[in-house]
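Input: a single structure, listed below in structure tokens.
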Amino acid sequence: MLMSWIPVKLPEKGKEVLLTTNEGYVWNGVWDGTRYFELDSEGRTIELKDVTAWMPLPEAYGGE
């Protein structure tokens with residue numbers, strides 16, 4: 001399955017996606033309907049600024 005960045009359409013509210021910013025960083029994050037948030041390893045959320053595009057998370061590795 002070919003994955004590509006989606007620059008305009010907003011992801012489903014509450015769904016975890018990959019996000020990219022103006023600075024070129026890539027984060028796992030969530031759209032809450034108003035803002036994007038990064039999910040840290042302790043379950044805290046940090047608001048992300050300057051998100052330019054998103055894409056669905058890839059499927060997990062299933063072995064050979």
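We name chains A, B, ... following the order of the structure tokens; residues begin at 1 in each chain, and ligands are numbered from 1 as shown.
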
Find the residues near Pro58 of chain A: any atom within 9 Å, counting only C-alpha atoms, skip ones fewer than 4 places away on the same chain, and give them as a PyMOL selection string.
-> chain A and resi 3+17-18

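Using only C-alpha atoms, the contacts of segment 24-39 of chain A at a cut-off of 9 Å, with sequence neighbours closer than 6 positions omitted, comprise Leu10, Pro11, Glu12, Lys13, Gly14, Lys15, Glu16, Val17, Leu18, Thr45, Ile46, Glu47, Leu48, Lys49, Val51 and Leu57 of chain A.
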
How about saving the chosen residues, N, CA, C and O atoms kept, as an mmCIF file, in the first residue's frame?
data_model
loop_
_atom_site.group_PDB
_atom_site.id
_atom_site.type_symbol
_atom_site.label_atom_id
_atom_site.label_comp_id
_atom_site.auth_asym_id
_atom_site.auth_seq_id
_atom_site.Cartn_x
_atom_site.Cartn_y
_atom_site.Cartn_z
ATOM 1 N N LEU A 10 -8.532 17.049 7.175
ATOM 2 C CA LEU A 10 -8.214 16.758 8.576
ATOM 3 C C LEU A 10 -8.443 15.278 8.886
ATOM 4 O O LEU A 10 -9.374 14.672 8.368
ATOM 5 N N PRO A 11 -7.598 14.687 9.745
ATOM 6 C CA PRO A 11 -7.798 13.285 10.116
ATOM 7 C C PRO A 11 -9.036 13.140 11.001
ATOM 8 O O PRO A 11 -9.561 14.111 11.530
ATOM 9 N N GLU A 12 -9.453 11.914 11.170
ATOM 10 C CA GLU A 12 -10.573 11.602 12.054
ATOM 11 C C GLU A 12 -10.238 12.053 13.481
ATOM 12 O O GLU A 12 -9.132 11.831 13.974
ATOM 13 N N LYS A 13 -11.179 12.682 14.135
ATOM 14 C CA LYS A 13 -10.972 13.177 15.501
ATOM 15 C C LYS A 13 -10.605 12.027 16.435
ATOM 16 O O LYS A 13 -11.260 10.995 16.450
ATOM 17 N N GLY A 14 -9.508 12.197 17.195
ATOM 18 C CA GLY A 14 -9.074 11.209 18.172
ATOM 19 C C GLY A 14 -8.242 10.073 17.615
ATOM 20 O O GLY A 14 -7.748 9.245 18.365
ATOM 21 N N LYS A 15 -8.055 10.020 16.292
ATOM 22 C CA LYS A 15 -7.281 8.934 15.686
ATOM 23 C C LYS A 15 -5.797 9.302 15.655
ATOM 24 O O LYS A 15 -5.426 10.392 15.255
ATOM 25 N N GLU A 16 -4.933 8.358 16.061
ATOM 26 C CA GLU A 16 -3.497 8.603 16.053
ATOM 27 C C GLU A 16 -2.973 8.526 14.621
ATOM 28 O O GLU A 16 -3.295 7.611 13.872
ATOM 29 N N VAL A 17 -2.179 9.533 14.231
ATOM 30 C CA VAL A 17 -1.629 9.635 12.884
ATOM 31 C C VAL A 17 -0.174 10.101 12.964
ATOM 32 O O VAL A 17 0.302 10.481 14.031
ATOM 33 N N LEU A 18 0.529 10.096 11.837
ATOM 34 C CA LEU A 18 1.841 10.715 11.739
ATOM 35 C C LEU A 18 1.646 12.150 11.278
ATOM 36 O O LEU A 18 0.842 12.419 10.388
ATOM 37 N N THR A 45 -0.089 14.815 26.727
ATOM 38 C CA THR A 45 -0.229 15.428 25.411
ATOM 39 C C THR A 45 0.465 16.783 25.395
ATOM 40 O O THR A 45 0.421 17.527 26.366
ATOM 41 N N ILE A 46 1.128 17.073 24.286
ATOM 42 C CA ILE A 46 1.825 18.332 24.088
ATOM 43 C C ILE A 46 1.324 18.899 22.771
ATOM 44 O O ILE A 46 1.380 18.224 21.734
ATOM 45 N N GLU A 47 0.802 20.139 22.784
ATOM 46 C CA GLU A 47 0.274 20.731 21.566
ATOM 47 C C GLU A 47 1.388 20.946 20.542
ATOM 48 O O GLU A 47 2.467 21.420 20.870
ATOM 49 N N LEU A 48 1.117 20.571 19.296
ATOM 50 C CA LEU A 48 2.073 20.774 18.209
ATOM 51 C C LEU A 48 1.653 21.987 17.391
ATOM 52 O O LEU A 48 0.485 22.137 17.043
ATOM 53 N N LYS A 49 2.599 22.844 17.075
ATOM 54 C CA LYS A 49 2.352 24.038 16.267
ATOM 55 C C LYS A 49 2.883 23.790 14.859
ATOM 56 O O LYS A 49 3.766 22.981 14.645
ATOM 57 N N VAL A 51 1.738 22.347 12.152
ATOM 58 C CA VAL A 51 1.550 21.069 11.461
ATOM 59 C C VAL A 51 1.136 21.383 10.025
ATOM 60 O O VAL A 51 0.229 22.171 9.783
ATOM 61 N N LEU A 57 -1.051 6.025 10.259
ATOM 62 C CA LEU A 57 0.061 5.202 10.743
ATOM 63 C C LEU A 57 0.212 3.995 9.838
ATOM 64 O O LEU A 57 -0.786 3.419 9.368
#

Mind pulling up the distance from atom CA of Thr21 of chain A to atom CA of Ala53 of chain A?
->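 A separation of 7.1 Å between them.
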
Residue nearest Leu19 of chain A among A:Glu59, A:Ile6, A:Glu64, A:Asp40 (counting only C-alpha atoms) =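 Looking only at the distances to Leu19 of chain A, the closest residue turns out to be A:Ile6.
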